[in-house]
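Down below is the structure, laid out as structure tokens.
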Amino acid sequence: MKIAEQIKEPIREEMELFEKKFSESMTSKVALLNRITHYIVNRKGKQMRPMFVFLVAKMVSEGKVNERTYRGASIIELIHTASLVHDDIVDDSNMRRGFFSINALWKNKIAVLVGDYLFSKGLLVSVEYGDYDLLQIISVAVKEISEGELLQIEKARKLDITEEVYYDIIRQKTATLIAACCSMGACSVKPDSEDVEMMRKFGELIGIAFQIKDDLFDYGEEKIGKPTGIDIKEQKMTLPLIYALNNSSSKEQRWLINSVKNHNKNKKRVKEVITFVKDKGGLEYAIEKMVMFQKKALDLLAKYPDSVYKEALVLMVNYVIERKK
């Protein structure tokens, strides 16, 4: 059995019912919108985020979920999908998970409106049922995602990023949504409990480890759907690069910054940067940090009694840093 299937096994019934409820939550009276949302639903990814919601909810409440859990998972998936649609417009990307992106098929104006529609649906799902605690969780996540993206753009201009600022960026850009999934799962079944904050922290730690793993793919040999050196071409300061920069002479630093800033489209120069970062121990350092965040996440899980849901979450944490793509 594939690892993703193993993780999903204890929540298989919930995930099947969720998919049905999620499709229904996307329906509209506008035929064009229904065509586009149907296209989105049929090209879904691994659905890691709703899986986090259900697994956490069941782990903290001895295997119980309720309607709030389904709504929480729908809110997360609607907001996540909206952010992907908008990301593809911002990045001028024509592909998403091996299929044409919404902006490639229906152009930017429609894609922006579809993203807005999904965002508003996500917020409405919580308001309609008075789930203001769930609304609070997702609203904080949306604010932080926007701030993280803008902070990254600001820093990419000067390339004056420290390791501390890097963690701020990935915590907001990537980790905040996974943190929202986990706190949403706990809050749906045990509102106002300590579990809500503990699971938020758990999700944040996994999210940071997940992003560092993504950074490492930039230096890999395997074909993973993300081209090697793409972060360098996009002037993104990743952890291996920051480490190399901090452990270089001023002459090497000037060469490195100049390479990323002015020669990021030059394949030969990008390869030289990748080799330089590897030689400086940037990959080993990033792996060490990733494992540290993974261990902290597992330590939080250790506080809960053993269950199939906890086992699946442990598998999920390990999958995040062992995945090949």
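Letters A, B, ... go to the chains of the structure tokens in the order shown; residues in each chain start at 1; ligands are counted from 1 in the same order.
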- Task: Tell me which protein, DNA and RNA residues are within 9 Å of stretch 276-290 of chain A, counting only C-alpha atoms, leaving out same-chain ones fewer than 5 positions away, and put them as a list in words.
- Result: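 Selected residues are Ile208, Ala209, Phe210, Gln211, Ile212, Lys213, Asp215, Leu216, Tyr219, Leu239, Pro240, Leu241, Ile242, Tyr243, Ala244, Leu245, Asn247, Ser248, Leu256, Lys271, Lys295 and Ile321 of chain A.
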For the residues selected in the previous step, produce a file with N, CA and C atoms as a PDB file, in the first residue's frame.
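Output file selection36.pdb is given in full below:
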ATOM      1  N   ILE A 208       7.111  24.026   8.326  1.00  0.00           N
ATOM      2  CA  ILE A 208       8.481  24.530   8.140  1.00  0.00           C
ATOM      3  C   ILE A 208       9.375  23.417   7.581  1.00  0.00           C
ATOM      4  N   ALA A 209       9.251  22.201   8.155  1.00  0.00           N
ATOM      5  CA  ALA A 209      10.033  21.056   7.654  1.00  0.00           C
ATOM      6  C   ALA A 209       9.696  20.780   6.184  1.00  0.00           C
ATOM      7  N   PHE A 210       8.413  20.869   5.840  1.00  0.00           N
ATOM      8  CA  PHE A 210       7.921  20.644   4.476  1.00  0.00           C
ATOM      9  C   PHE A 210       8.590  21.626   3.502  1.00  0.00           C
ATOM     10  N   GLN A 211       8.676  22.906   3.898  1.00  0.00           N
ATOM     11  CA  GLN A 211       9.258  23.917   3.014  1.00  0.00           C
ATOM     12  C   GLN A 211      10.760  23.738   2.854  1.00  0.00           C
ATOM     13  N   ILE A 212      11.436  23.350   3.944  1.00  0.00           N
ATOM     14  CA  ILE A 212      12.890  23.112   3.824  1.00  0.00           C
ATOM     15  C   ILE A 212      13.131  21.949   2.863  1.00  0.00           C
ATOM     16  N   LYS A 213      12.295  20.913   2.934  1.00  0.00           N
ATOM     17  CA  LYS A 213      12.406  19.786   1.998  1.00  0.00           C
ATOM     18  C   LYS A 213      12.237  20.280   0.563  1.00  0.00           C
ATOM     19  N   ASP A 215      12.936  23.257  -0.524  1.00  0.00           N
ATOM     20  CA  ASP A 215      14.170  23.987  -0.854  1.00  0.00           C
ATOM     21  C   ASP A 215      15.255  23.026  -1.331  1.00  0.00           C
ATOM     22  N   LEU A 216      15.330  21.869  -0.670  1.00  0.00           N
ATOM     23  CA  LEU A 216      16.374  20.893  -1.002  1.00  0.00           C
ATOM     24  C   LEU A 216      16.193  20.314  -2.404  1.00  0.00           C
ATOM     25  N   TYR A 219      18.213  21.492  -5.376  1.00  0.00           N
ATOM     26  CA  TYR A 219      19.605  21.056  -5.561  1.00  0.00           C
ATOM     27  C   TYR A 219      19.700  19.579  -5.908  1.00  0.00           C
ATOM     28  N   LEU A 239      17.153  28.110   2.374  1.00  0.00           N
ATOM     29  CA  LEU A 239      18.041  27.856   3.516  1.00  0.00           C
ATOM     30  C   LEU A 239      19.452  27.404   3.095  1.00  0.00           C
ATOM     31  N   PRO A 240      19.616  26.467   2.145  1.00  0.00           N
ATOM     32  CA  PRO A 240      20.978  26.091   1.748  1.00  0.00           C
ATOM     33  C   PRO A 240      21.780  27.289   1.219  1.00  0.00           C
ATOM     34  N   LEU A 241      21.106  28.162   0.467  1.00  0.00           N
ATOM     35  CA  LEU A 241      21.767  29.339  -0.115  1.00  0.00           C
ATOM     36  C   LEU A 241      22.146  30.344   0.980  1.00  0.00           C
ATOM     37  N   ILE A 242      21.250  30.558   1.939  1.00  0.00           N
ATOM     38  CA  ILE A 242      21.519  31.498   3.043  1.00  0.00           C
ATOM     39  C   ILE A 242      22.711  31.006   3.860  1.00  0.00           C
ATOM     40  N   TYR A 243      22.754  29.687   4.120  1.00  0.00           N
ATOM     41  CA  TYR A 243      23.870  29.125   4.891  1.00  0.00           C
ATOM     42  C   TYR A 243      25.196  29.333   4.144  1.00  0.00           C
ATOM     43  N   ALA A 244      25.181  29.046   2.846  1.00  0.00           N
ATOM     44  CA  ALA A 244      26.402  29.222   2.037  1.00  0.00           C
ATOM     45  C   ALA A 244      26.853  30.677   2.064  1.00  0.00           C
ATOM     46  N   LEU A 245      25.906  31.593   1.959  1.00  0.00           N
ATOM     47  CA  LEU A 245      26.209  33.026   1.959  1.00  0.00           C
ATOM     48  C   LEU A 245      26.827  33.464   3.289  1.00  0.00           C
ATOM     49  N   ASN A 247      28.514  31.705   5.259  1.00  0.00           N
ATOM     50  CA  ASN A 247      29.790  31.026   5.525  1.00  0.00           C
ATOM     51  C   ASN A 247      30.768  31.186   4.364  1.00  0.00           C
ATOM     52  N   SER A 248      30.722  32.366   3.759  1.00  0.00           N
ATOM     53  CA  SER A 248      31.596  32.671   2.625  1.00  0.00           C
ATOM     54  C   SER A 248      32.409  33.925   2.916  1.00  0.00           C
ATOM     55  N   LEU A 256      28.258  35.392  -5.297  1.00  0.00           N
ATOM     56  CA  LEU A 256      27.008  34.653  -5.119  1.00  0.00           C
ATOM     57  C   LEU A 256      25.798  35.566  -5.327  1.00  0.00           C
ATOM     58  N   LYS A 271      24.260  26.396 -12.380  1.00  0.00           N
ATOM     59  CA  LYS A 271      24.917  25.128 -11.993  1.00  0.00           C
ATOM     60  C   LYS A 271      26.101  25.395 -11.059  1.00  0.00           C
ATOM     61  N   LYS A 295      11.538  16.431  14.479  1.00  0.00           N
ATOM     62  CA  LYS A 295      11.608  15.837  15.822  1.00  0.00           C
ATOM     63  C   LYS A 295      10.717  16.594  16.803  1.00  0.00           C
ATOM     64  N   ILE A 321       9.225  14.661   5.095  1.00  0.00           N
ATOM     65  CA  ILE A 321      10.660  14.873   4.855  1.00  0.00           C
ATOM     66  C   ILE A 321      11.319  13.739   4.061  1.00  0.00           C
TER      67      ILE A 321
END
- Counting only C-alpha atoms, what is within 7 Å of A:Gly72, bar same-chain residues fewer than 4 positions away, as a PyMOL selection string? chain A and resi 68+76+134+184-185+188
- Query: What residues in stretch 24-271 of chain A get the DSSP label alpha helix (DSSP H)? Please answer as a ChimeraX atom specification.
  - Reply: /A:24-25,31-41,48-60,67-90,102-128,132-158,163-170,176-189,194-217,230-233,239-246,250-262,267-271
- Task: May I have the residues within 12 Å of A:Cys187 as a ChimeraX atom specification, using only C-alpha atoms and disregarding those fewer than 2 positions away in the same chain?
- Result: /A:53-54,56-58,60-61,65-66,68-73,131-138,179-185,189-200
Excluding same-chain residues fewer than 6 positions from A:Ile169, what lies within 10 Å of it counting only C-alpha atoms, as a tab-separated table (two decimals) with N, CA and C atoms, in the first residue's frame?
chain	number	residue	atom	x	y	z
A	144	GLU	N	-1.60	35.98	7.11
A	144	GLU	CA	-0.17	35.63	7.20
A	144	GLU	C	0.40	35.18	5.86
A	145	ILE	N	-0.40	34.45	5.07
A	145	ILE	CA	0.06	34.01	3.75
A	145	ILE	C	0.39	35.23	2.89
A	147	GLU	N	1.11	38.30	3.90
A	147	GLU	CA	2.29	39.01	4.45
A	147	GLU	C	3.58	38.28	4.10
A	148	GLY	N	3.54	36.95	4.19
A	148	GLY	CA	4.73	36.14	3.87
A	148	GLY	C	5.16	36.30	2.42
A	149	GLU	N	4.19	36.29	1.50
A	149	GLU	CA	4.48	36.47	0.07
A	149	GLU	C	5.11	37.84	-0.18
A	150	LEU	N	4.53	38.88	0.44
A	150	LEU	CA	5.03	40.25	0.23
A	150	LEU	C	6.42	40.44	0.85
A	151	LEU	N	6.64	39.81	2.01
A	151	LEU	CA	7.96	39.88	2.66
A	151	LEU	C	9.01	39.23	1.76
A	152	GLN	N	8.64	38.10	1.15
A	152	GLN	CA	9.58	37.42	0.25
A	152	GLN	C	9.92	38.28	-0.97
A	155	LYS	N	12.25	41.10	0.09
A	155	LYS	CA	13.62	40.64	0.36
A	155	LYS	C	14.32	40.18	-0.91
A	161	ILE	N	18.59	38.68	3.13
A	161	ILE	CA	17.76	37.84	4.00
A	161	ILE	C	18.61	37.06	5.01
A	163	GLU	N	18.73	34.13	8.25
A	163	GLU	CA	18.04	32.85	8.51
A	163	GLU	C	16.75	33.09	9.29
A	175	ALA	N	3.81	27.33	6.32
A	175	ALA	CA	3.47	26.62	7.56
A	175	ALA	C	2.14	27.07	8.15
A	208	ILE	N	7.11	24.03	8.33
A	208	ILE	CA	8.48	24.53	8.14
A	208	ILE	C	9.37	23.42	7.58
- Item | Residue neighbourhood A:Ile40, 9 Å, only C-alpha atoms, exclusion window fewer than 4 positions, as a PyMOL selection string | chain A and resi 35-36+44+81+102
Go ahead and write the residues just picked, N, CA and C atoms, as a JSON list (two decimals), in the first residue's frame.
[["chain", "number", "residue", "atom", "x", "y", "z"],
["A", 35, "ARG", "N", -18.47, 25.04, -14.40],
["A", 35, "ARG", "CA", -17.54, 24.33, -15.29],
["A", 35, "ARG", "C", -16.12, 24.39, -14.73],
["A", 36, "ILE", "N", -15.74, 25.58, -14.26],
["A", 36, "ILE", "CA", -14.38, 25.77, -13.76],
["A", 36, "ILE", "C", -14.18, 25.03, -12.43],
["A", 44, "LYS", "N", -7.82, 17.27, -8.25],
["A", 44, "LYS", "CA", -7.33, 17.52, -6.89],
["A", 44, "LYS", "C", -5.99, 16.82, -6.66],
["A", 81, "THR", "N", -7.30, 26.20, -2.28],
["A", 81, "THR", "CA", -7.51, 26.19, -3.74],
["A", 81, "THR", "C", -7.51, 27.61, -4.29],
["A", 102, "ILE", "N", -5.93, 27.36, -14.27],
["A", 102, "ILE", "CA", -7.18, 28.07, -14.58],
["A", 102, "ILE", "C", -6.89, 29.28, -15.47]]
- Message: Taking 4 positions as the minimum chain separation for residues in the same chain, which residues sit within 8 Å of A:Asn103 when counting only C-alpha atoms? Answer as a list in words.
- Response: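 Once the adjacent positions are removed, what remains is Val85, Asp88, Ile89, Ser93, Asn94, Lys107, Asn108, Lys109, Ile110 and Ala111 of chain A.
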Write the residues you've just listed into a file as an mmCIF file, in the first residue's frame, and include N, CA, C and O atoms for each of them.
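Output file result_27.cif follows:
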data_model
loop_
_atom_site.group_PDB
_atom_site.id
_atom_site.type_symbol
_atom_site.label_atom_id
_atom_site.label_comp_id
_atom_site.auth_asym_id
_atom_site.auth_seq_id
_atom_site.Cartn_x
_atom_site.Cartn_y
_atom_site.Cartn_z
ATOM 1 N N VAL A 85 -4.971 29.178 -7.189
ATOM 2 C CA VAL A 85 -5.457 29.842 -8.411
ATOM 3 C C VAL A 85 -4.797 31.213 -8.539
ATOM 4 O O VAL A 85 -4.303 31.593 -9.606
ATOM 5 N N ASP A 88 -0.944 30.987 -9.370
ATOM 6 C CA ASP A 88 -0.660 30.709 -10.786
ATOM 7 C C ASP A 88 -0.731 31.982 -11.631
ATOM 8 O O ASP A 88 0.000 32.130 -12.604
ATOM 9 N N ILE A 89 -1.623 32.900 -11.245
ATOM 10 C CA ILE A 89 -1.716 34.176 -11.968
ATOM 11 C C ILE A 89 -0.472 35.012 -11.683
ATOM 12 O O ILE A 89 0.181 35.526 -12.588
ATOM 13 N N SER A 93 1.983 31.097 -14.338
ATOM 14 C CA SER A 93 2.202 29.663 -14.548
ATOM 15 C C SER A 93 1.048 29.056 -15.340
ATOM 16 O O SER A 93 -0.111 29.324 -15.048
ATOM 17 N N ASN A 94 1.381 28.248 -16.339
ATOM 18 C CA ASN A 94 0.358 27.633 -17.189
ATOM 19 C C ASN A 94 -0.014 26.213 -16.777
ATOM 20 O O ASN A 94 -0.940 25.628 -17.331
ATOM 21 N N LYS A 107 -7.969 32.490 -18.859
ATOM 22 C CA LYS A 107 -7.353 33.831 -18.783
ATOM 23 C C LYS A 107 -7.415 34.418 -17.363
ATOM 24 O O LYS A 107 -8.174 33.994 -16.518
ATOM 25 N N ASN A 108 -6.564 35.436 -17.166
ATOM 26 C CA ASN A 108 -6.341 35.987 -15.827
ATOM 27 C C ASN A 108 -7.578 36.568 -15.155
ATOM 28 O O ASN A 108 -7.807 36.357 -13.969
ATOM 29 N N LYS A 109 -8.370 37.342 -15.908
ATOM 30 C CA LYS A 109 -9.510 38.031 -15.298
ATOM 31 C C LYS A 109 -10.465 37.013 -14.644
ATOM 32 O O LYS A 109 -10.885 37.174 -13.506
ATOM 33 N N ILE A 110 -10.771 35.955 -15.394
ATOM 34 C CA ILE A 110 -11.681 34.923 -14.875
ATOM 35 C C ILE A 110 -11.025 34.193 -13.703
ATOM 36 O O ILE A 110 -11.672 33.922 -12.691
ATOM 37 N N ALA A 111 -9.726 33.908 -13.822
ATOM 38 C CA ALA A 111 -9.018 33.198 -12.745
ATOM 39 C C ALA A 111 -9.027 34.014 -11.446
ATOM 40 O O ALA A 111 -9.234 33.457 -10.356
#
- Backbone-only DSSP, strand (DSSP E or B) members of stretch 33-227 of chain A, as number ranges by chain: A: 95-96, 99-100
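Closest approach to A:Ser120 among A:Ala141, A:Leu84, A:Leu78, A:Leu315: A:Leu78, based on only C-alpha atoms.
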